[in-house]
Amino acid sequence: MFWTFLLLLGAMAIPAAAQVAAPAEAPADVGHWGVGVGLSFKQQSYKGMGNKTNAIPLLSYENRWLRLAGPTADFKVPLAVPVTLALRARYAFEDGFESSESRDLYDMAERKSSFWLGAALGWHSELVNASAELLVDASGHSKGKRARTAVDKPLRAGAFLVAPRLALNWVDRDYVNYYYGVRPNEARQGRPAYMGGSALNPELGLRVAYRLASYHSVYVDGSVTRLDDIIQDSPLVGRKTESALRLGYLYQFR
């Protein structure tokens with residue numbers, strides 16, 4: 001019943017990999033900033049495509065009402081501890097493709113990255129953290145919805161923080177058909193037209209963070225996601241899994 005409850009809460013998460021803790025002595029009503037740089041390496045599932053690498057400028061800010069962490073912005077809604085609620089905005093820069101990125105995508109229309117809006121819910125305890133999010137495509141590119149629910153267990157050892165996580169990522173049929181579908185006018189020999197349905201993709205991840213000094217920290221975050229059969233059946237897809245690695249450095253101002 002407990003896990004069913006978490007899954008139904010489902011889809012509004014602040015993933016452990018995106019959070020950067022503020023200095024413990026900073027008052028909750030005083031905003032604190034952080035700047036840094038990150039690298040993202042993602043193994044693409046599309047046929048003929050290798051790893052996609054992105055350099056990411058990192059900007060973090062948090063006060064009582066607002067949290068910025070990389071491409072995600074949360075507007076906090078006051079709730080009783082240990083539950084957190086936020087309105088969320090996110091830019092999914094890793095989604096999409098251009099036909100020039102692979103011969104197997106030749107003559108395909110571009111699939112654009114989208115700006116997503118929704119809500120995020122978290123539950124925190126000494127034993128485990130649970131989080132969920134539900135987002136809709138505000139850019140109108142896919143007109144889709146996506147949801148995520150995750151459980152992680154932060155383990156601290158001195159300046160190290162290790163947080164393994166388990167997550168479920170759901171996307172609706174509009175998302176699948178935009179990013180993995182083949183329209184009738186895009187069909188070619190060896191690439192038939194394809195329309196799929198909604199998909200559920202389980203993910204295993206691990207984040208390791210290290211505080212170099214009071215206001216300097218680095219992190220490594222790795223994940224492996226198994227793609228639903230609906231996505232694997234797409235003629236554009238050549239892998240059963242996607243893996244990602246993110247590295248980052250952050251300096252937090254006093």
# chains A, B, ... in the order shown; residues from 1 in each chain; ligands from 1
>>> residues_around(residues="Val162 (chain A)", least_positions_apart="4", cutoff="8 Å", atoms="only C-alpha atoms", output="PyMOL selection string")
chain A and resi 154-156+206-209
>>> closest_atom_pairs(of="region 190-243 of chain A", to="region 40-63 of chain A", cutoff="9 Å", atoms="only C-alpha atoms", output="CSV")
residue,atom,partner,partner_atom,distance
A:Leu227,CA,A:Ser45,CA,8.8
A:Gln232,CA,A:Ser45,CA,8.8
A:Pro235,CA,A:Lys47,CA,8.4
A:Leu236,CA,A:Tyr46,CA,5.5
A:Val237,CA,A:Tyr46,CA,4.5
A:Gly238,CA,A:Lys47,CA,4.7
A:Arg239,CA,A:Ser45,CA,5.1
A:Lys240,CA,A:Ser45,CA,7.4
A:Thr241,CA,A:Ser45,CA,6.9
A:Glu242,CA,A:Gln43,CA,5.6
A:Ser243,CA,A:Gln43,CA,5.3
>>> write_last_selection(atoms="C-alpha atoms", output="short mmCIF file (atom, residue, chain, number, x, y, z; two decimals), in the first residue's frame")
data_model
loop_
_atom_site.label_atom_id
_atom_site.label_comp_id
_atom_site.auth_asym_id
_atom_site.auth_seq_id
_atom_site.Cartn_x
_atom_site.Cartn_y
_atom_site.Cartn_z
CA LEU A 227 13.22 1.53 -22.63
CA GLN A 232 12.06 -0.34 -28.63
CA PRO A 235 12.20 1.75 -36.38
CA LEU A 236 14.25 4.72 -35.15
CA VAL A 237 15.52 2.93 -32.05
CA GLY A 238 18.50 0.60 -31.94
CA ARG A 239 19.04 0.06 -28.19
CA LYS A 240 17.11 -1.41 -25.30
CA THR A 241 18.64 0.96 -22.77
CA GLU A 242 19.90 4.51 -22.44
CA SER A 243 22.74 5.44 -20.11
#
>>> closest_residue(among="A:Asp107, A:Ala92, A:Ala69, A:Ala187", to="Val35 (chain A)", atoms="only C-alpha atoms")
A:Ala69
>>> closest_residue(among="A:Trp116, A:Tyr215, A:Phe160, A:Tyr179", to="Glu133 (chain A)", atoms="only C-alpha atoms")
A:Trp116
>>> closest_residue(among="A:Ser214, A:Ser198, A:Ser131, A:Gln189", to="Asp172 (chain A)", atoms="only C-alpha atoms")
A:Ser198
>>> select_by_dssp(residues="region 37-245 of chain A", states="helix (DSSP H, G or I)", output="list of chain:residue names")
A:Ser99, A:Ser100, A:Glu101, A:Arg103, A:Asp104, A:Leu105, A:Arg173, A:Asp174, A:Tyr175, A:Val176, A:Asn177, A:Tyr178, A:Tyr179, A:Pro184, A:Asn185, A:Glu186, A:Asp229, A:Ile230, A:Ile231, A:Gln232
>>> atom_distance(atom1="CA of Arg90 (chain A)", atom2="CA of Ala150 (chain A)")
17.1 Å
>>> atom_distance(atom1="CA of Gly122 (chain A)", atom2="CA of Leu79 (chain A)")
10.6 Å
>>> residues_around(residues="Arg88 (chain A)", least_positions_apart="5", cutoff="12 Å", atoms="only C-alpha atoms", output="list in words")
Ala11, Met12, Ala13, Ile14, Leu66, Arg67, Leu68, Ala69, Pro71, Thr72, Ala73, Asp74, Phe75, Lys76, Val77, Phe115, Trp116, Leu117, Gly118, Ala119, Ala120, Leu121, Ala132, Glu133, Leu134, Leu135, Val136 and Ala138 of chain A
>>> atom_distance(atom1="CA of Leu168 (chain A)", atom2="CA of Lys145 (chain A)")
14.2 Å
>>> residues_around(residues="Asp228 (chain A)", least_positions_apart="3", cutoff="8 Å", atoms="only C-alpha atoms", output="JSON, numbers by chain")
{"A": [199, 200, 201, 231, 232]}
>>> write_last_selection(atoms="C-alpha atoms", output="mmCIF file, in the first residue's frame")
data_model
loop_
_atom_site.group_PDB
_atom_site.id
_atom_site.type_symbol
_atom_site.label_atom_id
_atom_site.label_comp_id
_atom_site.auth_asym_id
_atom_site.auth_seq_id
_atom_site.Cartn_x
_atom_site.Cartn_y
_atom_site.Cartn_z
ATOM 1 C CA ALA A 199 5.565 3.947 -22.221
ATOM 2 C CA LEU A 200 7.002 3.248 -18.762
ATOM 3 C CA ASN A 201 10.803 3.281 -18.455
ATOM 4 C CA ILE A 231 9.822 2.584 -27.707
ATOM 5 C CA GLN A 232 12.062 -0.344 -28.631
#
>>> closest_residue(among="A:Pro164, A:Pro184, A:Gly96, A:Gly144", to="Gly205 (chain A)", atoms="only C-alpha atoms")
A:Pro164
>>> closest_residue(among="A:Tyr249, A:Trp170, A:Trp123, A:Tyr175", to="Ala80 (chain A)", atoms="only C-alpha atoms")
A:Trp123
>>> closest_residue(among="A:Val81, A:Val218, A:Leu87, A:Leu127", to="Ala159 (chain A)", atoms="only C-alpha atoms")
A:Val218
>>> residues_around(residues="Glu203 (chain A)", least_positions_apart="5", cutoff="7 Å", atoms="only C-alpha atoms", output="PyMOL selection string")
chain A and resi 166-168+223-226
>>> write_last_selection(atoms="C-alpha atoms", output="CSV table (one decimal), in the first residue's frame")
chain,number,residue,atom,x,y,z
A,166,LEU,CA,15.2,3.8,-8.3
A,167,ALA,CA,12.8,5.7,-10.6
A,168,LEU,CA,10.0,5.1,-13.0
A,223,SER,CA,22.0,6.3,-14.6
A,224,VAL,CA,20.7,3.4,-16.8
A,225,THR,CA,17.2,3.4,-18.2
A,226,ARG,CA,15.5,0.5,-19.8
>>> residues_around(residues="Tyr106 (chain A)", least_positions_apart="4", cutoff="12 Å", atoms="only C-alpha atoms", output="PyMOL selection string")
chain A and resi 47-48+97-102+110+182+186-191+236
